[in-house]
Amino acid sequence: MRARTALPFLLLLLLAGGVRADSTPDPWALLGKARAQMQQTGAQLWSFRQTYLPTGFDRGEEETGRVALDLPRCVRWDYDDPYPKSFLLCGEKLWTWNPGEPAGHIYDLDQAQPGLDLLLLAVGDLAERYDARAQPAGNAIRVQLVPKVAANQAASANVLRDAAILLGADGSVRELTYRDAEGNRTTFRFADRRPLPNGTVFTPPANVKWQRETGADHP
């Protein structure tokens, strides 16, 4: 049954221009269609479950939260208890803070740890930074991203070792996975997509004292 369901999906991508005539998936066409769909849908709120798996470990730590998307402008990540924290990415700036604490941090996007920005970056920006390939993954397509500058050659630039975006049969982003320079793996699984409710803001809180970070430290 699985082979029968995968074949129509690949044929659909071929007819839509997401797969080249030689049946090799075109990763940038797939990501372009997914991003266009996200922007056309409008601002959304997704639930996520994050698994962080340190190098050498068999089991990882799990956290949950929500990600609000208003592409191409902003993406905001809010984590639930017991370790609530927020990340707001707009343009070339990243704000990060812990709710209830008086201080927060501001980073230039190129100084911050990559990974959280993968949903915000335009396809052209991704193509400048990564080589990509796509391959079937059951009834989905997984797009693998490998930095054009190797992580072991640019640790000070916070380069990822690799990343992957899993696209569902409807073209939506189902999972986001990335490994940092040390090999630690972070995976987000998305669900419960809905229109962005009133009250979700894409401005940093005014009651926080912001500290501008210019060194190598990053969240």
# chains A, B, ... in the order shown; residues from 1 in each chain; ligands from 1
$ residues_around --residues "Gly60 of chain A" --least-positions-apart "5" --cutoff "9 Å" --atoms "only C-alpha atoms" --output "list in words"
Thr51, Tyr52, Leu53, Pro54 and Arg185 of chain A
$ closest_atom_pairs --of "segment 65-154 of chain A" --to "segment 194-210 of chain A" --cutoff "6 Å" --atoms "only C-alpha atoms" --output "Markdown table"
| residue | atom | partner | partner_atom | distance |
| --- | --- | --- | --- | --- |
| A:Pro102 | CA | A:Val208 | CA | 5.1 |
| A:Ala103 | CA | A:Lys209 | CA | 4.7 |
| A:Gly104 | CA | A:Trp210 | CA | 4.9 |
| A:His105 | CA | A:Trp210 | CA | 5.4 |
$ closest_residue --among "A:Ala164, A:Ala122, A:Asp58, A:Gln135" --to "Arg189 of chain A" --atoms "only C-alpha atoms"
A:Ala164
$ atom_distance --atom1 "atom CA of Gly115 of chain A" --atom2 "atom CA of Asn139 of chain A"
24.7 Å
$ closest_residue --among "A:Pro72, A:Trp95, A:Ser86, A:Leu109" --to "Arg35 of chain A" --atoms "only C-alpha atoms"
A:Pro72
$ closest_residue --among "A:Leu116, A:Val123, A:Ala140, A:Ala34" --to "Ala163 of chain A" --atoms "only C-alpha atoms"
A:Leu116
$ select_by_dssp --residues "segment 123-198 of chain A" --states "strand (DSSP E)" --output "ChimeraX atom specification"
/A:130-137,140-147,162-167,173-179,185-195
$ select_by_dssp --residues "segment 80-142 of chain A" --states "helix (DSSP H, G or I)" --output "PyMOL selection string"
chain A and resi 123-129
$ write_last_selection --atoms "N, CA and C atoms" --output "compact mmCIF listing (two decimals), in the first residue's frame"
# COMPACT_ATOMS: atom_id res chain seq x y z
N VAL A 123 14.31 31.47 0.06
CA VAL A 123 14.96 30.37 -0.65
C VAL A 123 16.27 30.84 -1.28
N GLY A 124 16.30 32.06 -1.79
CA GLY A 124 17.54 32.58 -2.37
C GLY A 124 18.65 32.68 -1.34
N ASP A 125 18.31 33.09 -0.11
CA ASP A 125 19.31 33.15 0.96
C ASP A 125 19.81 31.76 1.33
N LEU A 126 18.88 30.80 1.38
CA LEU A 126 19.30 29.42 1.66
C LEU A 126 20.23 28.90 0.58
N ALA A 127 19.92 29.20 -0.68
CA ALA A 127 20.74 28.72 -1.79
C ALA A 127 22.14 29.30 -1.76
N GLU A 128 22.29 30.52 -1.22
CA GLU A 128 23.61 31.11 -1.10
C GLU A 128 24.45 30.43 -0.02
N ARG A 129 23.77 29.87 0.98
CA ARG A 129 24.48 29.30 2.12
C ARG A 129 24.63 27.78 2.06
$ atom_distance --atom1 "atom CA of Val143 of chain A" --atom2 "atom CA of Gly56 of chain A"
24.6 Å
